[in-house]
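Pasted below: target-v8.cif, mmCIF, N, CA and C atoms.
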```
data_work
loop_
_atom_site.label_atom_id
_atom_site.label_comp_id
_atom_site.auth_asym_id
_atom_site.auth_seq_id
_atom_site.Cartn_x
_atom_site.Cartn_y
_atom_site.Cartn_z
N MET A 8 -56.59 -91.39 -13.93
CA MET A 8 -57.09 -92.14 -12.80
C MET A 8 -55.98 -93.09 -12.33
N SER A 9 -55.77 -93.18 -11.05
CA SER A 9 -54.70 -94.02 -10.54
C SER A 9 -55.09 -95.50 -10.61
N ARG A 10 -54.10 -96.34 -10.52
CA ARG A 10 -54.33 -97.78 -10.57
C ARG A 10 -55.17 -98.22 -9.39
N ARG A 11 -54.94 -97.62 -8.25
CA ARG A 11 -55.70 -97.98 -7.05
C ARG A 11 -57.19 -97.66 -7.21
N THR A 12 -57.49 -96.52 -7.80
CA THR A 12 -58.88 -96.14 -8.03
C THR A 12 -59.54 -97.06 -9.05
N LYS A 13 -58.82 -97.37 -10.11
CA LYS A 13 -59.36 -98.29 -11.12
C LYS A 13 -59.64 -99.66 -10.52
N THR A 14 -58.74 -100.15 -9.68
CA THR A 14 -58.92 -101.44 -9.05
C THR A 14 -60.14 -101.43 -8.13
N LEU A 15 -60.33 -100.36 -7.40
CA LEU A 15 -61.50 -100.25 -6.52
C LEU A 15 -62.79 -100.23 -7.33
N ILE A 16 -62.82 -99.45 -8.39
CA ILE A 16 -64.02 -99.37 -9.24
C ILE A 16 -64.33 -100.73 -9.85
N ALA A 17 -63.31 -101.38 -10.40
CA ALA A 17 -63.52 -102.69 -11.04
C ALA A 17 -63.97 -103.73 -10.01
N ALA A 18 -63.38 -103.73 -8.84
CA ALA A 18 -63.76 -104.70 -7.81
C ALA A 18 -65.21 -104.50 -7.38
N ILE A 19 -65.61 -103.26 -7.19
CA ILE A 19 -67.00 -102.99 -6.80
C ILE A 19 -67.97 -103.41 -7.89
N LEU A 20 -67.65 -103.07 -9.14
CA LEU A 20 -68.53 -103.44 -10.25
C LEU A 20 -68.62 -104.96 -10.41
N ILE A 21 -67.50 -105.63 -10.29
CA ILE A 21 -67.49 -107.08 -10.47
C ILE A 21 -68.26 -107.78 -9.35
N VAL A 22 -67.98 -107.42 -8.11
CA VAL A 22 -68.58 -108.12 -6.97
C VAL A 22 -70.05 -107.77 -6.79
N PHE A 23 -70.40 -106.49 -6.95
CA PHE A 23 -71.76 -106.07 -6.63
C PHE A 23 -72.69 -105.95 -7.84
N VAL A 24 -72.15 -105.99 -9.04
CA VAL A 24 -73.00 -105.88 -10.23
C VAL A 24 -72.88 -107.13 -11.09
N TRP A 25 -71.69 -107.41 -11.60
CA TRP A 25 -71.52 -108.49 -12.57
C TRP A 25 -71.87 -109.86 -11.99
N LEU A 26 -71.28 -110.24 -10.86
CA LEU A 26 -71.49 -111.58 -10.34
C LEU A 26 -72.95 -111.85 -9.94
N PRO A 27 -73.64 -110.94 -9.24
CA PRO A 27 -75.06 -111.22 -8.95
C PRO A 27 -75.93 -111.32 -10.20
N VAL A 28 -75.71 -110.43 -11.15
CA VAL A 28 -76.50 -110.47 -12.39
C VAL A 28 -76.22 -111.77 -13.15
N TYR A 29 -74.97 -112.15 -13.24
CA TYR A 29 -74.61 -113.37 -13.95
C TYR A 29 -75.18 -114.60 -13.23
N ALA A 30 -75.09 -114.63 -11.91
CA ALA A 30 -75.60 -115.77 -11.15
C ALA A 30 -77.11 -115.92 -11.33
N LEU A 31 -77.84 -114.80 -11.30
CA LEU A 31 -79.28 -114.87 -11.51
C LEU A 31 -79.63 -115.29 -12.93
N PHE A 32 -78.86 -114.81 -13.89
CA PHE A 32 -79.08 -115.21 -15.29
C PHE A 32 -78.86 -116.71 -15.47
N ILE A 33 -77.78 -117.23 -14.93
CA ILE A 33 -77.47 -118.65 -15.06
C ILE A 33 -78.50 -119.50 -14.32
N ALA A 34 -78.93 -119.03 -13.14
CA ALA A 34 -79.95 -119.78 -12.40
C ALA A 34 -81.26 -119.84 -13.19
N GLY A 35 -81.64 -118.75 -13.82
CA GLY A 35 -82.85 -118.76 -14.64
C GLY A 35 -82.69 -119.62 -15.87
N LEU A 36 -81.53 -119.56 -16.49
CA LEU A 36 -81.26 -120.38 -17.66
C LEU A 36 -81.25 -121.86 -17.31
N GLN A 37 -80.73 -122.18 -16.16
CA GLN A 37 -80.67 -123.56 -15.70
C GLN A 37 -82.06 -124.15 -15.55
N TRP A 38 -83.01 -123.37 -15.06
CA TRP A 38 -84.37 -123.88 -14.90
C TRP A 38 -85.02 -124.20 -16.24
N ARG A 39 -84.58 -123.51 -17.31
CA ARG A 39 -85.16 -123.78 -18.64
C ARG A 39 -84.45 -124.91 -19.37
N ILE A 40 -83.15 -125.04 -19.18
CA ILE A 40 -82.36 -125.99 -19.96
C ILE A 40 -82.25 -127.36 -19.30
N LEU A 41 -81.98 -127.39 -18.00
CA LEU A 41 -81.57 -128.63 -17.36
C LEU A 41 -82.66 -129.58 -16.87
N PRO A 42 -83.89 -129.17 -16.64
CA PRO A 42 -84.87 -130.18 -16.19
C PRO A 42 -85.02 -131.30 -17.23
N GLY A 43 -84.75 -132.50 -16.80
CA GLY A 43 -84.87 -133.64 -17.70
C GLY A 43 -83.67 -133.85 -18.60
N ALA A 44 -82.64 -133.04 -18.46
CA ALA A 44 -81.46 -133.19 -19.31
C ALA A 44 -80.59 -134.32 -18.77
N SER A 45 -79.83 -134.91 -19.66
CA SER A 45 -78.93 -135.97 -19.25
C SER A 45 -77.73 -135.39 -18.49
N TRP A 46 -76.98 -136.27 -17.84
CA TRP A 46 -75.89 -135.82 -16.98
C TRP A 46 -74.80 -135.11 -17.76
N TYR A 47 -74.54 -135.52 -19.00
CA TYR A 47 -73.47 -134.88 -19.75
C TYR A 47 -73.87 -133.49 -20.23
N VAL A 48 -75.14 -133.24 -20.47
CA VAL A 48 -75.61 -131.90 -20.82
C VAL A 48 -75.47 -130.98 -19.61
N ALA A 49 -75.84 -131.49 -18.42
CA ALA A 49 -75.69 -130.71 -17.19
C ALA A 49 -74.22 -130.42 -16.92
N LEU A 50 -73.36 -131.41 -17.11
CA LEU A 50 -71.93 -131.22 -16.90
C LEU A 50 -71.38 -130.16 -17.85
N LEU A 51 -71.76 -130.22 -19.11
CA LEU A 51 -71.32 -129.24 -20.09
C LEU A 51 -71.83 -127.84 -19.74
N PHE A 52 -73.10 -127.76 -19.33
CA PHE A 52 -73.68 -126.46 -18.94
C PHE A 52 -72.93 -125.85 -17.77
N TYR A 53 -72.71 -126.63 -16.72
CA TYR A 53 -72.03 -126.09 -15.54
C TYR A 53 -70.56 -125.77 -15.80
N ALA A 54 -69.91 -126.57 -16.64
CA ALA A 54 -68.52 -126.28 -16.99
C ALA A 54 -68.42 -124.98 -17.78
N LEU A 55 -69.33 -124.80 -18.72
CA LEU A 55 -69.34 -123.56 -19.52
C LEU A 55 -69.73 -122.36 -18.67
N ALA A 56 -70.76 -122.50 -17.85
CA ALA A 56 -71.20 -121.39 -16.99
C ALA A 56 -70.14 -121.03 -15.96
N GLY A 57 -69.42 -122.02 -15.48
CA GLY A 57 -68.37 -121.77 -14.51
C GLY A 57 -67.14 -121.14 -15.10
N THR A 58 -66.99 -121.19 -16.40
CA THR A 58 -65.84 -120.60 -17.08
C THR A 58 -66.14 -119.23 -17.65
N VAL A 59 -67.35 -119.02 -18.15
CA VAL A 59 -67.70 -117.79 -18.86
C VAL A 59 -67.70 -116.56 -17.95
N TRP A 60 -67.97 -116.73 -16.65
CA TRP A 60 -68.03 -115.56 -15.77
C TRP A 60 -66.69 -114.85 -15.66
N ILE A 61 -65.61 -115.52 -16.04
CA ILE A 61 -64.27 -114.95 -15.94
C ILE A 61 -63.99 -113.96 -17.07
N VAL A 62 -64.68 -114.06 -18.19
CA VAL A 62 -64.39 -113.23 -19.37
C VAL A 62 -64.41 -111.73 -19.07
N PRO A 63 -65.46 -111.16 -18.47
CA PRO A 63 -65.43 -109.72 -18.18
C PRO A 63 -64.32 -109.33 -17.19
N ILE A 64 -64.00 -110.23 -16.28
CA ILE A 64 -62.92 -109.94 -15.34
C ILE A 64 -61.60 -109.89 -16.09
N GLY A 65 -61.41 -110.82 -17.00
CA GLY A 65 -60.20 -110.81 -17.82
C GLY A 65 -60.09 -109.58 -18.70
N LEU A 66 -61.22 -109.04 -19.13
CA LEU A 66 -61.20 -107.81 -19.92
C LEU A 66 -60.94 -106.58 -19.04
N ALA A 67 -61.30 -106.64 -17.77
CA ALA A 67 -61.09 -105.52 -16.87
C ALA A 67 -59.65 -105.44 -16.38
N LEU A 68 -58.96 -106.55 -16.33
CA LEU A 68 -57.60 -106.55 -15.79
C LEU A 68 -56.63 -105.65 -16.56
N PRO A 69 -56.57 -105.69 -17.89
CA PRO A 69 -55.66 -104.77 -18.58
C PRO A 69 -55.99 -103.31 -18.32
N TRP A 70 -57.27 -102.98 -18.22
CA TRP A 70 -57.66 -101.60 -17.92
C TRP A 70 -57.22 -101.20 -16.52
N MET A 71 -57.37 -102.11 -15.56
CA MET A 71 -57.01 -101.80 -14.18
C MET A 71 -55.52 -101.56 -14.02
N TYR A 72 -54.70 -102.32 -14.71
CA TYR A 72 -53.27 -102.26 -14.50
C TYR A 72 -52.53 -101.38 -15.50
N ARG A 73 -53.27 -100.74 -16.38
CA ARG A 73 -52.66 -99.81 -17.32
C ARG A 73 -52.17 -98.60 -16.55
N GLU A 74 -50.96 -98.18 -16.85
CA GLU A 74 -50.39 -97.01 -16.18
C GLU A 74 -51.15 -95.75 -16.59
N PRO A 75 -51.35 -94.83 -15.66
CA PRO A 75 -52.03 -93.58 -16.03
C PRO A 75 -51.21 -92.78 -17.01
N ARG A 76 -51.91 -92.05 -17.87
CA ARG A 76 -51.23 -91.23 -18.86
C ARG A 76 -50.53 -90.05 -18.20
N ALA A 77 -49.40 -89.70 -18.74
CA ALA A 77 -48.68 -88.53 -18.24
C ALA A 77 -49.41 -87.26 -18.67
N LYS A 78 -49.49 -86.31 -17.77
CA LYS A 78 -50.22 -85.08 -18.09
C LYS A 78 -49.30 -84.05 -18.68
#
```
Write the structure described by the file as structure tokens, please.
Amino acid sequence: MSRRTKTLIAAILIVFVWLPVYALFIAGLQWRILPGASWYVALLFYALAGTVWIVPIGLALPWMYREPRAK
């Protein structure tokens, strides 16, 4: 598979699958955790949630940029 095809597949999966699912998960989790929480708990939650979404993207990057195998 060419690098261009891998990049297209990863971009579509990330934008249309991963990010909406993650956003809905975090929004649901926020309703359970944050009502009545102190400001530092909310800050920690949002800092962690804002950082964790990058992990699958970071795992996809080496796959996307790996050179195709010679046939």
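With distances restricted to only C-alpha atoms, A:Tyr72 is the closest residue to A:Ser9 from A:Tyr72, A:Tyr47, A:Tyr29, A:Tyr53.
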| said: For a test of reading the model, state the distance in Å between atom CA of A:Ile40 and atom CA of A:Phe52, rounded to one decimal. | reply: 8.8 Å
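Nearest to A:Trp70 of all the residues A:Trp38, A:Val24, A:Gly57, A:Thr14 is A:Thr14, counting only N, CA and C atoms.
With distances restricted to all atoms listed in the file, A:Met8 is the closest residue to A:Arg73 from A:Met8, A:Ala44, A:Leu36, A:Leu55.
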| task | From chain A, collect each residue whose DSSP state is helix (DSSP H, G or I) and return the set as an NGL selection string. | result | :A and (10-40 or 46-59 or 61-72)
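Note that atom CA of A:Val62 and atom CA of A:Leu50 are 19.7 Å apart.
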Skip A:Pro63 itself and residues of its chain fewer than 4 positions away, then list as a CSV table (one decimal) with N, CA and C atoms, in the frame of the given file all residues within 12 Å of it, counting only C-alpha atoms.
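result-v4.csv, freshly written:
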```csv
chain,number,residue,atom,x,y,z
A,17,ALA,N,-63.3,-101.4,-10.4
A,17,ALA,CA,-63.5,-102.7,-11.0
A,17,ALA,C,-64.0,-103.7,-10.0
A,18,ALA,N,-63.4,-103.7,-8.8
A,18,ALA,CA,-63.8,-104.7,-7.8
A,18,ALA,C,-65.2,-104.5,-7.4
A,20,LEU,N,-67.6,-103.1,-9.1
A,20,LEU,CA,-68.5,-103.4,-10.2
A,20,LEU,C,-68.6,-105.0,-10.4
A,21,ILE,N,-67.5,-105.6,-10.3
A,21,ILE,CA,-67.5,-107.1,-10.5
A,21,ILE,C,-68.3,-107.8,-9.4
A,22,VAL,N,-68.0,-107.4,-8.1
A,22,VAL,CA,-68.6,-108.1,-7.0
A,22,VAL,C,-70.0,-107.8,-6.8
A,24,VAL,N,-72.2,-106.0,-9.0
A,24,VAL,CA,-73.0,-105.9,-10.2
A,24,VAL,C,-72.9,-107.1,-11.1
A,25,TRP,N,-71.7,-107.4,-11.6
A,25,TRP,CA,-71.5,-108.5,-12.6
A,25,TRP,C,-71.9,-109.9,-12.0
A,26,LEU,N,-71.3,-110.2,-10.9
A,26,LEU,CA,-71.5,-111.6,-10.3
A,26,LEU,C,-73.0,-111.8,-9.9
A,29,TYR,N,-75.0,-112.2,-13.2
A,29,TYR,CA,-74.6,-113.4,-14.0
A,29,TYR,C,-75.2,-114.6,-13.2
A,58,THR,N,-67.0,-121.2,-16.4
A,58,THR,CA,-65.8,-120.6,-17.1
A,58,THR,C,-66.1,-119.2,-17.6
A,59,VAL,N,-67.4,-119.0,-18.2
A,59,VAL,CA,-67.7,-117.8,-18.9
A,59,VAL,C,-67.7,-116.6,-18.0
A,67,ALA,N,-61.3,-106.6,-17.8
A,67,ALA,CA,-61.1,-105.5,-16.9
A,67,ALA,C,-59.6,-105.4,-16.4
A,68,LEU,N,-59.0,-106.6,-16.3
A,68,LEU,CA,-57.6,-106.6,-15.8
A,68,LEU,C,-56.6,-105.6,-16.6
A,69,PRO,N,-56.6,-105.7,-17.9
A,69,PRO,CA,-55.7,-104.8,-18.6
A,69,PRO,C,-56.0,-103.3,-18.3
A,70,TRP,N,-57.3,-103.0,-18.2
A,70,TRP,CA,-57.7,-101.6,-17.9
A,70,TRP,C,-57.2,-101.2,-16.5
```
| At what distance in Å, to one decimal, does atom C of A:Trp46 lie from atom CA of A:Ile64? | 27.9 Å
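With distances restricted to only N, CA and C atoms, A:Met71 is the closest residue to A:Arg10 from A:Leu31, A:Leu51, A:Met71, A:Arg76.
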Using all atoms of stretch 18-36 of chain A listed in the file and a margin of 6 Å per side, can you give the axis-aligned box centre and edge lengths in Å to one decimal, as AutoDock Vina command-line options?
```
--center_x -73.1 --center_y -112.4 --center_z -12.1 --size_x 31.5 --size_y 30.9 --size_z 23.0
```
